[in-house]
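J.: Okay, so here is protein05.pdb, and as you'll see once you scroll down, it has PDB, C-alpha atoms and all ligand atoms.
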```pdb
ATOM      1  CA  MET A   1      85.444 -33.218  -6.769  1.00  0.00           C
ATOM      2  CA  THR A   2      82.438 -30.876  -6.533  1.00  0.00           C
ATOM      3  CA  ILE A   3      82.654 -30.684  -2.745  1.00  0.00           C
ATOM      4  CA  HIS A   4      86.375 -30.065  -2.995  1.00  0.00           C
ATOM      5  CA  ARG A   5      85.878 -27.183  -5.405  1.00  0.00           C
ATOM      6  CA  SER A   6      83.123 -25.526  -3.283  1.00  0.00           C
ATOM      7  CA  ALA A   7      85.364 -25.663  -0.234  1.00  0.00           C
ATOM      8  CA  ALA A   8      88.156 -24.023  -2.201  1.00  0.00           C
ATOM      9  CA  THR A   9      85.783 -21.282  -3.428  1.00  0.00           C
ATOM     10  CA  LEU A  10      84.566 -20.624   0.106  1.00  0.00           C
ATOM     11  CA  ALA A  11      88.121 -20.386   1.374  1.00  0.00           C
ATOM     12  CA  PHE A  12      88.988 -17.988  -1.433  1.00  0.00           C
ATOM     13  CA  CYS A  13      85.999 -15.718  -0.738  1.00  0.00           C
ATOM     14  CA  GLY A  14      86.786 -15.770   2.971  1.00  0.00           C
ATOM     15  CA  LEU A  15      90.335 -14.715   2.205  1.00  0.00           C
ATOM     16  CA  ILE A  16      89.200 -11.732   0.133  1.00  0.00           C
ATOM     17  CA  GLY A  17      86.784 -10.684   2.868  1.00  0.00           C
ATOM     18  CA  LEU A  18      89.508 -10.746   5.504  1.00  0.00           C
ATOM     19  CA  ALA A  19      92.369  -9.330   3.517  1.00  0.00           C
ATOM     20  CA  SER A  20      90.505  -6.535   1.791  1.00  0.00           C
ATOM     21  CA  PRO A  21      87.702  -4.829   3.736  1.00  0.00           C
ATOM     22  CA  SER A  22      87.437  -2.116   1.075  1.00  0.00           C
ATOM     23  CA  PHE A  23      86.363  -4.744  -1.453  1.00  0.00           C
ATOM     24  CA  ALA A  24      82.990  -5.009   0.322  1.00  0.00           C
ATOM     25  CA  GLU A  25      82.657  -1.228   0.505  1.00  0.00           C
ATOM     26  CA  GLN A  26      83.452  -0.795  -3.178  1.00  0.00           C
ATOM     27  CA  HIS A  27      80.941  -3.466  -4.016  1.00  0.00           C
ATOM     28  CA  ALA A  28      78.272  -1.762  -1.868  1.00  0.00           C
ATOM     29  CA  ASP A  29      78.967   1.583  -3.569  1.00  0.00           C
ATOM     30  CA  HIS A  30      78.594   0.023  -6.955  1.00  0.00           C
ATOM     31  CA  HIS A  31      75.370  -1.627  -5.879  1.00  0.00           C
ATOM     32  CA  GLU A  32      74.018   1.671  -4.532  1.00  0.00           C
ATOM     33  CA  GLY A  33      74.553   3.327  -7.893  1.00  0.00           C
ATOM     34  CA  ALA A  34      72.665   0.572  -9.667  1.00  0.00           C
ATOM     35  CA  ARG A  35      69.685   0.730  -7.339  1.00  0.00           C
ATOM     36  CA  VAL A  36      66.263   1.469  -8.741  1.00  0.00           C
ATOM     37  CA  THR A  37      64.867   4.682  -7.235  1.00  0.00           C
ATOM     38  CA  LYS A  38      61.637   5.062  -9.157  1.00  0.00           C
ATOM     39  CA  ALA A  39      58.948   2.694 -10.373  1.00  0.00           C
ATOM     40  CA  GLU A  40      55.571   3.177 -11.953  1.00  0.00           C
ATOM     41  CA  ALA A  41      52.384   1.233 -12.630  1.00  0.00           C
ATOM     42  CA  ILE A  42      49.673   2.044 -15.166  1.00  0.00           C
ATOM     43  CA  LEU A  43      46.330   0.573 -14.111  1.00  0.00           C
ATOM     44  CA  ILE A  44      44.440  -1.285 -16.804  1.00  0.00           C
ATOM     45  CA  PRO A  45      40.706  -1.831 -16.200  1.00  0.00           C
ATOM     46  CA  THR A  46      39.484  -5.407 -15.842  1.00  0.00           C
ATOM     47  CA  LYS A  47      36.412  -6.623 -17.743  1.00  0.00           C
ATOM     48  CA  ASP A  48      33.376  -4.299 -17.275  1.00  0.00           C
ATOM     49  CA  SER A  49      35.445  -1.768 -15.334  1.00  0.00           C
ATOM     50  CA  LYS A  50      36.400   1.788 -16.280  1.00  0.00           C
ATOM     51  CA  VAL A  51      38.999   2.207 -13.570  1.00  0.00           C
ATOM     52  CA  GLU A  52      42.270   3.653 -14.788  1.00  0.00           C
ATOM     53  CA  GLY A  53      45.204   5.309 -13.131  1.00  0.00           C
ATOM     54  CA  ARG A  54      48.874   5.779 -12.548  1.00  0.00           C
ATOM     55  CA  ILE A  55      50.887   5.046  -9.427  1.00  0.00           C
ATOM     56  CA  THR A  56      54.456   6.163  -8.849  1.00  0.00           C
ATOM     57  CA  PHE A  57      56.796   4.709  -6.239  1.00  0.00           C
ATOM     58  CA  THR A  58      59.861   6.723  -5.269  1.00  0.00           C
ATOM     59  CA  GLN A  59      62.553   5.284  -3.022  1.00  0.00           C
ATOM     60  CA  ASP A  60      63.739   7.834  -0.453  1.00  0.00           C
ATOM     61  CA  GLY A  61      66.364   6.213   1.767  1.00  0.00           C
ATOM     62  CA  GLU A  62      64.655   3.252   3.410  1.00  0.00           C
ATOM     63  CA  ARG A  63      61.189   4.629   2.679  1.00  0.00           C
ATOM     64  CA  VAL A  64      59.027   4.643  -0.428  1.00  0.00           C
ATOM     65  CA  LYS A  65      56.733   7.491  -1.394  1.00  0.00           C
ATOM     66  CA  VAL A  66      53.586   6.352  -3.153  1.00  0.00           C
ATOM     67  CA  HIS A  67      51.580   8.738  -5.312  1.00  0.00           C
ATOM     68  CA  ALA A  68      48.412   7.500  -7.004  1.00  0.00           C
ATOM     69  CA  VAL A  69      45.772   9.135  -9.184  1.00  0.00           C
ATOM     70  CA  ILE A  70      42.894   6.822 -10.073  1.00  0.00           C
ATOM     71  CA  THR A  71      39.655   7.544 -11.963  1.00  0.00           C
ATOM     72  CA  GLY A  72      36.483   5.731 -12.975  1.00  0.00           C
ATOM     73  CA  LEU A  73      35.583   4.589  -9.441  1.00  0.00           C
ATOM     74  CA  THR A  74      32.309   4.607  -7.539  1.00  0.00           C
ATOM     75  CA  PRO A  75      32.485   7.197  -4.726  1.00  0.00           C
ATOM     76  CA  GLY A  76      33.875   5.879  -1.441  1.00  0.00           C
ATOM     77  CA  LEU A  77      36.550   3.471  -0.250  1.00  0.00           C
ATOM     78  CA  HIS A  78      38.311   0.907  -2.419  1.00  0.00           C
ATOM     79  CA  GLY A  79      40.934  -1.606  -1.316  1.00  0.00           C
ATOM     80  CA  PHE A  80      44.348  -0.812  -2.736  1.00  0.00           C
ATOM     81  CA  HIS A  81      47.156  -3.375  -2.628  1.00  0.00           C
ATOM     82  CA  VAL A  82      50.333  -4.665  -4.179  1.00  0.00           C
ATOM     83  CA  HIS A  83      49.668  -8.262  -5.217  1.00  0.00           C
ATOM     84  CA  GLU A  84      52.211 -11.013  -5.750  1.00  0.00           C
ATOM     85  CA  TYR A  85      52.088 -11.133  -9.555  1.00  0.00           C
ATOM     86  CA  GLY A  86      52.337  -8.254 -11.997  1.00  0.00           C
ATOM     87  CA  VAL A  87      50.074  -9.858 -14.559  1.00  0.00           C
ATOM     88  CA  TRP A  88      46.793  -8.407 -15.837  1.00  0.00           C
ATOM     89  CA  SER A  89      43.852 -10.682 -16.697  1.00  0.00           C
ATOM     90  CA  GLU A  90      40.156 -10.064 -17.475  1.00  0.00           C
ATOM     91  CA  ASP A  91      39.086 -10.786 -13.894  1.00  0.00           C
ATOM     92  CA  GLY A  92      42.286  -9.555 -12.290  1.00  0.00           C
ATOM     93  CA  MET A  93      42.894 -12.922 -10.645  1.00  0.00           C
ATOM     94  CA  ALA A  94      46.233 -13.513 -12.402  1.00  0.00           C
ATOM     95  CA  ALA A  95      47.708 -11.007  -9.929  1.00  0.00           C
ATOM     96  CA  GLY A  96      47.428 -13.664  -7.183  1.00  0.00           C
ATOM     97  CA  GLY A  97      47.137 -12.774  -3.503  1.00  0.00           C
ATOM     98  CA  HIS A  98      48.641  -9.886  -1.573  1.00  0.00           C
ATOM     99  CA  PHE A  99      52.432  -9.614  -1.796  1.00  0.00           C
ATOM    100  CA  ASN A 100      53.471 -11.133   1.531  1.00  0.00           C
ATOM    101  CA  PRO A 101      57.128 -12.197   1.558  1.00  0.00           C
ATOM    102  CA  ALA A 102      57.345 -12.282   5.381  1.00  0.00           C
ATOM    103  CA  GLY A 103      54.214 -14.420   5.972  1.00  0.00           C
ATOM    104  CA  HIS A 104      52.398 -11.831   8.106  1.00  0.00           C
ATOM    105  CA  PRO A 105      48.587 -11.549   8.410  1.00  0.00           C
ATOM    106  CA  HIS A 106      46.562  -9.037   6.379  1.00  0.00           C
ATOM    107  CA  ALA A 107      46.395  -5.649   8.116  1.00  0.00           C
ATOM    108  CA  ASP A 108      46.249  -1.894   7.709  1.00  0.00           C
ATOM    109  CA  VAL A 109      49.088   0.044   6.083  1.00  0.00           C
ATOM    110  CA  THR A 110      49.969   1.508   9.497  1.00  0.00           C
ATOM    111  CA  VAL A 111      50.682  -1.937  11.019  1.00  0.00           C
ATOM    112  CA  LYS A 112      54.324  -3.028  10.956  1.00  0.00           C
ATOM    113  CA  GLU A 113      53.653  -6.779  10.686  1.00  0.00           C
ATOM    114  CA  ARG A 114      51.410  -6.740   7.647  1.00  0.00           C
ATOM    115  CA  HIS A 115      51.527  -7.920   4.062  1.00  0.00           C
ATOM    116  CA  VAL A 116      54.103  -5.757   2.274  1.00  0.00           C
ATOM    117  CA  GLY A 117      51.322  -5.109  -0.240  1.00  0.00           C
ATOM    118  CA  ASP A 118      48.756  -3.824   2.273  1.00  0.00           C
ATOM    119  CA  LEU A 119      48.263  -0.189   1.311  1.00  0.00           C
ATOM    120  CA  GLY A 120      44.792   0.170   2.848  1.00  0.00           C
ATOM    121  CA  ASN A 121      42.141   2.048   0.893  1.00  0.00           C
ATOM    122  CA  ILE A 122      41.867   4.845  -1.602  1.00  0.00           C
ATOM    123  CA  THR A 123      38.892   7.210  -1.337  1.00  0.00           C
ATOM    124  CA  ALA A 124      37.065   8.270  -4.476  1.00  0.00           C
ATOM    125  CA  ASP A 125      35.202  11.580  -4.556  1.00  0.00           C
ATOM    126  CA  GLU A 126      31.797  12.181  -6.194  1.00  0.00           C
ATOM    127  CA  SER A 127      33.451  12.325  -9.625  1.00  0.00           C
ATOM    128  CA  GLY A 128      35.031   8.900  -9.071  1.00  0.00           C
ATOM    129  CA  LYS A 129      38.565  10.196  -8.710  1.00  0.00           C
ATOM    130  CA  ALA A 130      40.920   9.160  -5.928  1.00  0.00           C
ATOM    131  CA  THR A 131      44.342  10.511  -5.119  1.00  0.00           C
ATOM    132  CA  LEU A 132      46.662   8.992  -2.564  1.00  0.00           C
ATOM    133  CA  ASP A 133      49.993  10.038  -1.090  1.00  0.00           C
ATOM    134  CA  LEU A 134      51.730   7.632   1.237  1.00  0.00           C
ATOM    135  CA  ASP A 135      55.186   7.441   2.748  1.00  0.00           C
ATOM    136  CA  ASP A 136      55.915   3.867   3.769  1.00  0.00           C
ATOM    137  CA  ALA A 137      58.850   2.063   5.381  1.00  0.00           C
ATOM    138  CA  ILE A 138      57.763  -1.501   4.519  1.00  0.00           C
ATOM    139  CA  LEU A 139      57.593  -1.286   0.736  1.00  0.00           C
ATOM    140  CA  SER A 140      60.889  -1.212  -1.093  1.00  0.00           C
ATOM    141  CA  LEU A 141      62.282  -1.046  -4.609  1.00  0.00           C
ATOM    142  CA  HIS A 142      65.130  -3.396  -3.626  1.00  0.00           C
ATOM    143  CA  GLY A 143      65.804  -6.400  -1.415  1.00  0.00           C
ATOM    144  CA  PRO A 144      63.301  -8.988  -0.159  1.00  0.00           C
ATOM    145  CA  HIS A 145      60.453  -6.433   0.040  1.00  0.00           C
ATOM    146  CA  SER A 146      60.955  -5.275  -3.542  1.00  0.00           C
ATOM    147  CA  ILE A 147      57.683  -4.650  -5.353  1.00  0.00           C
ATOM    148  CA  LEU A 148      59.283  -4.403  -8.806  1.00  0.00           C
ATOM    149  CA  GLY A 149      57.450  -6.547 -11.317  1.00  0.00           C
ATOM    150  CA  ARG A 150      54.510  -7.120  -8.990  1.00  0.00           C
ATOM    151  CA  GLY A 151      50.942  -5.913  -9.445  1.00  0.00           C
ATOM    152  CA  VAL A 152      48.888  -3.021  -8.097  1.00  0.00           C
ATOM    153  CA  VAL A 153      45.209  -3.919  -7.674  1.00  0.00           C
ATOM    154  CA  VAL A 154      42.206  -1.646  -7.041  1.00  0.00           C
ATOM    155  CA  HIS A 155      39.135  -3.342  -5.574  1.00  0.00           C
ATOM    156  CA  GLU A 156      35.399  -3.036  -5.890  1.00  0.00           C
ATOM    157  CA  LYS A 157      34.809  -2.673  -2.142  1.00  0.00           C
ATOM    158  CA  ALA A 158      36.558  -1.236   0.894  1.00  0.00           C
ATOM    159  CA  ASP A 159      39.333  -3.217   2.547  1.00  0.00           C
ATOM    160  CA  ASP A 160      38.060  -3.749   6.128  1.00  0.00           C
ATOM    161  CA  LEU A 161      41.736  -3.939   7.188  1.00  0.00           C
ATOM    162  CA  LYS A 162      41.206  -7.092   9.261  1.00  0.00           C
ATOM    163  CA  SER A 163      39.467  -9.956   7.383  1.00  0.00           C
ATOM    164  CA  GLN A 164      41.920 -12.660   6.295  1.00  0.00           C
ATOM    165  CA  PRO A 165      43.524 -13.089   3.895  1.00  0.00           C
ATOM    166  CA  SER A 166      42.701  -9.911   1.973  1.00  0.00           C
ATOM    167  CA  GLY A 167      40.312  -7.556   3.790  1.00  0.00           C
ATOM    168  CA  ASP A 168      37.136  -8.760   2.023  1.00  0.00           C
ATOM    169  CA  ALA A 169      37.577  -6.085  -0.646  1.00  0.00           C
ATOM    170  CA  GLY A 170      35.649  -7.887  -3.391  1.00  0.00           C
ATOM    171  CA  GLY A 171      36.344  -7.948  -7.116  1.00  0.00           C
ATOM    172  CA  ARG A 172      39.311  -6.477  -8.918  1.00  0.00           C
ATOM    173  CA  LEU A 173      38.625  -3.337 -10.953  1.00  0.00           C
ATOM    174  CA  ALA A 174      42.090  -2.680 -12.356  1.00  0.00           C
ATOM    175  CA  VAL A 175      45.571  -4.167 -12.344  1.00  0.00           C
ATOM    176  CA  GLY A 176      48.883  -2.520 -13.170  1.00  0.00           C
ATOM    177  CA  THR A 177      52.399  -3.917 -13.387  1.00  0.00           C
ATOM    178  CA  ILE A 178      55.088  -2.150 -11.351  1.00  0.00           C
ATOM    179  CA  GLY A 179      57.876  -1.372 -13.782  1.00  0.00           C
ATOM    180  CA  VAL A 180      61.257   0.290 -13.353  1.00  0.00           C
ATOM    181  CA  SER A 181      60.957   3.939 -14.275  1.00  0.00           C
ATOM    182  CA  LYS A 182      63.525   6.560 -15.334  1.00  0.00           C
ATOM    183  CA  PRO A 183      64.662   8.344 -12.126  1.00  0.00           C
TER     184      PRO A 183
HETATM  185 CU    CU A 201      44.051  -6.490  -3.414  1.00  0.00          CU
HETATM  186 ZN    ZN A 202      46.864  -8.049   2.680  1.00  0.00          ZN
END
```
Before we go any further, please render this structure as structure tokens.
Ligand code: CU
Ligand code: ZN

T.:
Amino acid sequence: MTIHRSAATLAFCGLIGLASPSFAEQHADHHEGARVTKAEAILIPTKDSKVEGRITFTQDGERVKVHAVITGLTPGLHGFHVHEYGVWSEDGMAAGGHFNPAGHPHADVTVKERHVGDLGNITADESGKATLDLDDAILSLHGPHSILGRGVVVHEKADDLKSQPSGDAGGRLAVGTIGVSKP
């Protein structure tokens, strides 16, 4: 009976697709309107860290603009990634590894076949403040590359952009959850 019913459902869907091409268009339009266009993460320092910050992600067509302002760092480079889980913990480890839905190796933000979460490094000035502006075509706020609900992590050390699986960037200084924001 179950098989019978699935076959009938498939046939029905196929019929709609053939008979009414505008159905798909209407559905796409509706979906477009519901799409998330802005997301935001507030960094919360891990144990013994003073690193705080805010990162905004704005969808612009197929690209995402990333704007980050982070304070409380030691001067220099710090690995900056989107990790698989958007969960804070004292050591930052609850965020898991780099968000990597396509199974690519760890790489620089400029490499096409990289972890979706590979955003390279941020650079802190003498006062410990880093700002970053990126425009990226791999990150997304929808579809299989969607970073919604995942975690932003700032690291103790520089990401060397080549060591596997995460650039040898050391401990985790802050974690923030990427939440849907008002457009
Ligand atoms: Cu990381
Ligand atoms: Zn990576």

J.: From the set A:Lys182, A:His145, A:His106, A:Lys112, which residue has the shortest atom-to-atom contact distance to Leu161 in chain A, counting all atoms listed in the file?

T.: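 Using all atoms listed in the file, Leu161 in chain A sits closest to A:His106.
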
J.: Which residues of chain A come within 8 Å of ligand CU 201 (chain A), and for each one, what is the closest pair of atoms and their distance in Å to one decimal, counting all atoms listed in the file, sorted by chain and residue number, as a Markdown table?

T.:
```
| residue | atom | partner | partner_atom | distance |
| --- | --- | --- | --- | --- |
| A:Gly79 | CA | A:CU201 | CU | 6.2 |
| A:Phe80 | CA | A:CU201 | CU | 5.7 |
| A:His81 | CA | A:CU201 | CU | 4.5 |
| A:Val82 | CA | A:CU201 | CU | 6.6 |
| A:His83 | CA | A:CU201 | CU | 6.2 |
| A:Gly97 | CA | A:CU201 | CU | 7.0 |
| A:His98 | CA | A:CU201 | CU | 6.0 |
| A:Asp118 | CA | A:CU201 | CU | 7.8 |
| A:Val152 | CA | A:CU201 | CU | 7.6 |
| A:Val153 | CA | A:CU201 | CU | 5.1 |
| A:Val154 | CA | A:CU201 | CU | 6.3 |
| A:His155 | CA | A:CU201 | CU | 6.2 |
| A:Ser166 | CA | A:CU201 | CU | 6.5 |
| A:Ala169 | CA | A:CU201 | CU | 7.1 |
| A:Arg172 | CA | A:CU201 | CU | 7.3 |
```

J.: Counting all atoms listed in the file, figure out which residue out of A:Val87, A:Ala34, A:Ala68, A:Ala107 gets nearest to Leu132 in chain A.

T.: A:Ala68

J.: Please work out which residues fall within 8 Å of (38.6, -0.4, -0.1), coordinates as given in the file, with all atoms listed in the file counting, and return them as a list in words.

T.: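 The residues that fall inside the cut-off are Gly76, Leu77, His78, Gly79, Phe80, Gly120, Asn121, Ile122, Thr123, Val154, His155, Glu156, Lys157, Ala158, Asp159, Asp160 and Ala169 of chain A.
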
J.: Please measure the separation of CA of Val180 in chain A and CA of Glu84 in chain A, giving the value in Å to one decimal.

T.: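 Computed distance, CA of Val180 in chain A to CA of Glu84 in chain A, equals 16.4 Å.
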
J.: Have a look at CA of Gly92 in chain A and CA of Ile55 in chain A and let me know their distance in Å, one decimal.

T.: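 Separation between CA of Gly92 in chain A and CA of Ile55 in chain A: 17.2 Å.
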
J.: Distance CA of Lys50 in chain A-CA of Ser127 in chain A, one decimal place?

T.: 12.8 Å

J.: Which is closest to Arg114 in chain A among A:Asn100, A:Gln164, A:Thr58, A:Thr74, if we use only C-alpha atoms?

T.: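 Going through A:Asn100, A:Gln164, A:Thr58, A:Thr74 one by one, the smallest distance to Arg114 in chain A is for A:Asn100.
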
J.: Go through A:Ser49, A:Gln59, A:Ser146, A:Thr110 one by one, measure the shortest atom-to-atom distance of each to Thr71 in chain A using all atoms listed in the file, and give the residue with the smallest value.

T.: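 For Thr71 in chain A, the nearest of the given residues is A:Ser49.
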
J.: Name the residues that the PyMOL selection byres (((chain A and resi 183) around 8) and not hetatm) pulls out of this structure, and write them as a ChimeraX atom specification.

T.: /A:36-38,181-182

J.: Which neighbours of range 141-143 of chain A fall inside 12 Å, counting all atoms listed in the file, when residues of the same chain fewer than 2 positions from it are skipped, and could you give them as a ChimeraX atom specification?

T.: /A:31-32,34-40,56-66,101,116,136-139,145-150,178-181

J.: Those same residues, written as an mmCIF file, in the frame of the given file with C-alpha atoms?

T.:
```cif
data_model
loop_
_atom_site.group_PDB
_atom_site.id
_atom_site.type_symbol
_atom_site.label_atom_id
_atom_site.label_comp_id
_atom_site.auth_asym_id
_atom_site.auth_seq_id
_atom_site.Cartn_x
_atom_site.Cartn_y
_atom_site.Cartn_z
ATOM 1 C CA HIS A 31 75.370 -1.627 -5.879
ATOM 2 C CA GLU A 32 74.018 1.671 -4.532
ATOM 3 C CA ALA A 34 72.665 0.572 -9.667
ATOM 4 C CA ARG A 35 69.685 0.730 -7.339
ATOM 5 C CA VAL A 36 66.263 1.469 -8.741
ATOM 6 C CA THR A 37 64.867 4.682 -7.235
ATOM 7 C CA LYS A 38 61.637 5.062 -9.157
ATOM 8 C CA ALA A 39 58.948 2.694 -10.373
ATOM 9 C CA GLU A 40 55.571 3.177 -11.953
ATOM 10 C CA THR A 56 54.456 6.163 -8.849
ATOM 11 C CA PHE A 57 56.796 4.709 -6.239
ATOM 12 C CA THR A 58 59.861 6.723 -5.269
ATOM 13 C CA GLN A 59 62.553 5.284 -3.022
ATOM 14 C CA ASP A 60 63.739 7.834 -0.453
ATOM 15 C CA GLY A 61 66.364 6.213 1.767
ATOM 16 C CA GLU A 62 64.655 3.252 3.410
ATOM 17 C CA ARG A 63 61.189 4.629 2.679
ATOM 18 C CA VAL A 64 59.027 4.643 -0.428
ATOM 19 C CA LYS A 65 56.733 7.491 -1.394
ATOM 20 C CA VAL A 66 53.586 6.352 -3.153
ATOM 21 C CA PRO A 101 57.128 -12.197 1.558
ATOM 22 C CA VAL A 116 54.103 -5.757 2.274
ATOM 23 C CA ASP A 136 55.915 3.867 3.769
ATOM 24 C CA ALA A 137 58.850 2.063 5.381
ATOM 25 C CA ILE A 138 57.763 -1.501 4.519
ATOM 26 C CA LEU A 139 57.593 -1.286 0.736
ATOM 27 C CA HIS A 145 60.453 -6.433 0.040
ATOM 28 C CA SER A 146 60.955 -5.275 -3.542
ATOM 29 C CA ILE A 147 57.683 -4.650 -5.353
ATOM 30 C CA LEU A 148 59.283 -4.403 -8.806
ATOM 31 C CA GLY A 149 57.450 -6.547 -11.317
ATOM 32 C CA ARG A 150 54.510 -7.120 -8.990
ATOM 33 C CA ILE A 178 55.088 -2.150 -11.351
ATOM 34 C CA GLY A 179 57.876 -1.372 -13.782
ATOM 35 C CA VAL A 180 61.257 0.290 -13.353
ATOM 36 C CA SER A 181 60.957 3.939 -14.275
#
```
